[in-house]
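Notes follow the structure.
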Amino acid sequence: MLLQLTPEQISRRWNDISAAFMQCLPPDIPPTDEVMNNILRSLIDGSAQCWAGVGSINGKMVVCGLMLTKIEVEYVTGTRSLYIFTLYAYNHISDQLYLEGMETVRKFAKANNCSKVTALTSSGRVVDIAKQLGGKADYTLVTLEV
């Protein structure tokens, strides 16, 4: 099950949450104090969302992973999409949890007038799950340092 955390829950567990997110920031974003403070501010003011994937391990419900999302509006076209900014796994995430979680994410995106869910990943497993859900993985991100 995928649960959206409240600002209060995020504030109480920020040390754990920030440690996880620092491990999985996109490669072009440095894990600095300023970056992490900006993420926290975005989560508290609601412009970004923190999600906890909860599953059963040995009969006990545990947090298996965390995800950070943000609704993005493409400036030129006004197209809205829900961008999965980071995805961190504490424990193995079952295919079932991925599939259920993505259904929750899709519903959240639709409720917020987004036309798609997007993400950048280097994980082949995440690409495979996306394809199982009818998604595409057709593009490569190209970056040039300046």
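Just so we're on the same page: first chain in the structure tokens is A, next is B, and so on; residues restart at 1 for each chain, and ligands are numbered from 1 in the order they show up.
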Discussion item. For the structure I just gave you, how does DSSP split stretch 55-100 of chain A - specifically, which residues are strand (DSSP E or B)? Reply as a PyMOL selection string.
Written reply: chain A and resi 55-57+60-73+80-89
With N, CA and C atoms retained, write the just-selected residues as a short mmCIF file (atom, residue, chain, number, x, y, z; two decimals), in the first residue's frame.
data_model
loop_
_atom_site.label_atom_id
_atom_site.label_comp_id
_atom_site.auth_asym_id
_atom_site.auth_seq_id
_atom_site.Cartn_x
_atom_site.Cartn_y
_atom_site.Cartn_z
N GLY A 55 4.53 -2.49 3.27
CA GLY A 55 4.25 -3.87 2.91
C GLY A 55 4.51 -4.79 4.09
N SER A 56 4.19 -6.04 3.90
CA SER A 56 4.35 -7.03 4.95
C SER A 56 5.66 -7.80 4.74
N ILE A 57 6.46 -7.84 5.81
CA ILE A 57 7.67 -8.65 5.81
C ILE A 57 7.61 -9.53 7.05
N LYS A 60 4.87 -8.72 9.45
CA LYS A 60 4.89 -7.41 10.11
C LYS A 60 4.83 -6.30 9.05
N MET A 61 3.97 -5.31 9.27
CA MET A 61 3.87 -4.18 8.34
C MET A 61 5.05 -3.24 8.56
N VAL A 62 5.79 -2.97 7.48
CA VAL A 62 6.96 -2.10 7.56
C VAL A 62 6.99 -1.15 6.37
N VAL A 63 7.70 -0.04 6.53
CA VAL A 63 7.92 0.87 5.42
C VAL A 63 9.01 0.24 4.55
N CYS A 64 8.66 -0.07 3.32
CA CYS A 64 9.59 -0.69 2.38
C CYS A 64 10.34 0.34 1.56
N GLY A 65 9.73 1.52 1.39
CA GLY A 65 10.37 2.54 0.57
C GLY A 65 9.67 3.87 0.68
N LEU A 66 10.35 4.88 0.14
CA LEU A 66 9.83 6.25 0.11
C LEU A 66 9.90 6.78 -1.31
N MET A 67 8.99 7.67 -1.61
CA MET A 67 8.95 8.29 -2.93
C MET A 67 8.63 9.77 -2.77
N LEU A 68 9.26 10.58 -3.59
CA LEU A 68 9.01 12.02 -3.64
C LEU A 68 8.45 12.35 -5.01
N THR A 69 7.29 13.00 -5.03
CA THR A 69 6.68 13.41 -6.29
C THR A 69 6.43 14.91 -6.29
N LYS A 70 6.23 15.43 -7.50
CA LYS A 70 5.95 16.85 -7.67
C LYS A 70 5.12 17.03 -8.93
N ILE A 71 4.09 17.84 -8.82
CA ILE A 71 3.31 18.17 -10.01
C ILE A 71 4.07 19.24 -10.77
N GLU A 72 4.33 18.95 -12.03
CA GLU A 72 5.05 19.90 -12.88
C GLU A 72 4.13 20.38 -13.99
N VAL A 73 4.24 21.65 -14.29
CA VAL A 73 3.50 22.25 -15.39
C VAL A 73 4.51 22.70 -16.43
N ARG A 80 0.27 19.31 -17.57
CA ARG A 80 0.58 18.93 -16.19
C ARG A 80 0.96 17.45 -16.13
N SER A 81 2.02 17.16 -15.39
CA SER A 81 2.40 15.77 -15.17
C SER A 81 2.87 15.61 -13.73
N LEU A 82 2.71 14.41 -13.22
CA LEU A 82 3.21 14.09 -11.89
C LEU A 82 4.58 13.45 -12.08
N TYR A 83 5.59 14.12 -11.58
CA TYR A 83 6.97 13.69 -11.77
C TYR A 83 7.44 12.95 -10.52
N ILE A 84 7.88 11.71 -10.69
CA ILE A 84 8.47 10.95 -9.60
C ILE A 84 9.93 11.39 -9.52
N PHE A 85 10.23 12.15 -8.49
CA PHE A 85 11.54 12.78 -8.34
C PHE A 85 12.56 11.80 -7.76
N THR A 86 12.17 11.05 -6.73
CA THR A 86 13.05 10.04 -6.15
C THR A 86 12.22 8.85 -5.71
N LEU A 87 12.88 7.71 -5.69
CA LEU A 87 12.27 6.48 -5.21
C LEU A 87 13.37 5.72 -4.47
N TYR A 88 13.14 5.44 -3.19
CA TYR A 88 14.15 4.78 -2.36
C TYR A 88 13.54 3.54 -1.71
N ALA A 89 14.28 2.44 -1.74
CA ALA A 89 13.80 1.20 -1.13
C ALA A 89 14.65 0.86 0.09
#
If we count only C-alpha atoms and set the cut-off at 7 Å, which residues sit around stretch 98-110 of chain A, ignoring sequence neighbours fewer than 6 positions away in its own chain? Please answer as a PDB file with N, CA, C and O atoms, in the first residue's frame.
ATOM      1  N   MET A   1       0.853  -1.168   0.000  1.00  0.00           N
ATOM      2  CA  MET A   1       0.000   0.000   0.000  1.00  0.00           C
ATOM      3  C   MET A   1       0.901   1.233   0.000  1.00  0.00           C
ATOM      4  O   MET A   1       1.964   1.240   0.600  1.00  0.00           O
ATOM      5  N   LEU A   2       0.469   2.257  -0.708  1.00  0.00           N
ATOM      6  CA  LEU A   2       1.215   3.505  -0.800  1.00  0.00           C
ATOM      7  C   LEU A   2       0.421   4.586  -0.087  1.00  0.00           C
ATOM      8  O   LEU A   2      -0.744   4.817  -0.399  1.00  0.00           O
ATOM      9  N   LEU A  82       2.714  14.409 -13.218  1.00  0.00           N
ATOM     10  CA  LEU A  82       3.213  14.091 -11.888  1.00  0.00           C
ATOM     11  C   LEU A  82       4.583  13.454 -12.083  1.00  0.00           C
ATOM     12  O   LEU A  82       4.703  12.394 -12.697  1.00  0.00           O
ATOM     13  N   VAL A 117       2.228  10.427 -15.665  1.00  0.00           N
ATOM     14  CA  VAL A 117       3.203  10.283 -14.593  1.00  0.00           C
ATOM     15  C   VAL A 117       4.545  10.086 -15.283  1.00  0.00           C
ATOM     16  O   VAL A 117       4.652   9.266 -16.210  1.00  0.00           O
TER      17      VAL A 117
END
Worksheet entry | Best match for closeness to A:Ile93 among A:Tyr75, A:Lys131, A:Ala52, A:Ser115, counting only C-alpha atoms | A:Ala52
Practice prompt. Quick one: pull the distance between atom CA of A:Gln96 and atom CA of A:Leu3, Å, one decimal.
Written response: 15.0 Å
Worksheet item: A:Ile29: which residues within 12 Å, counting only C-alpha atoms, same-chain residues fewer than 4 positions away excluded, as number ranges by chain?
Response: A: 21-25, 33-36, 38-39, 85-86, 143, 145
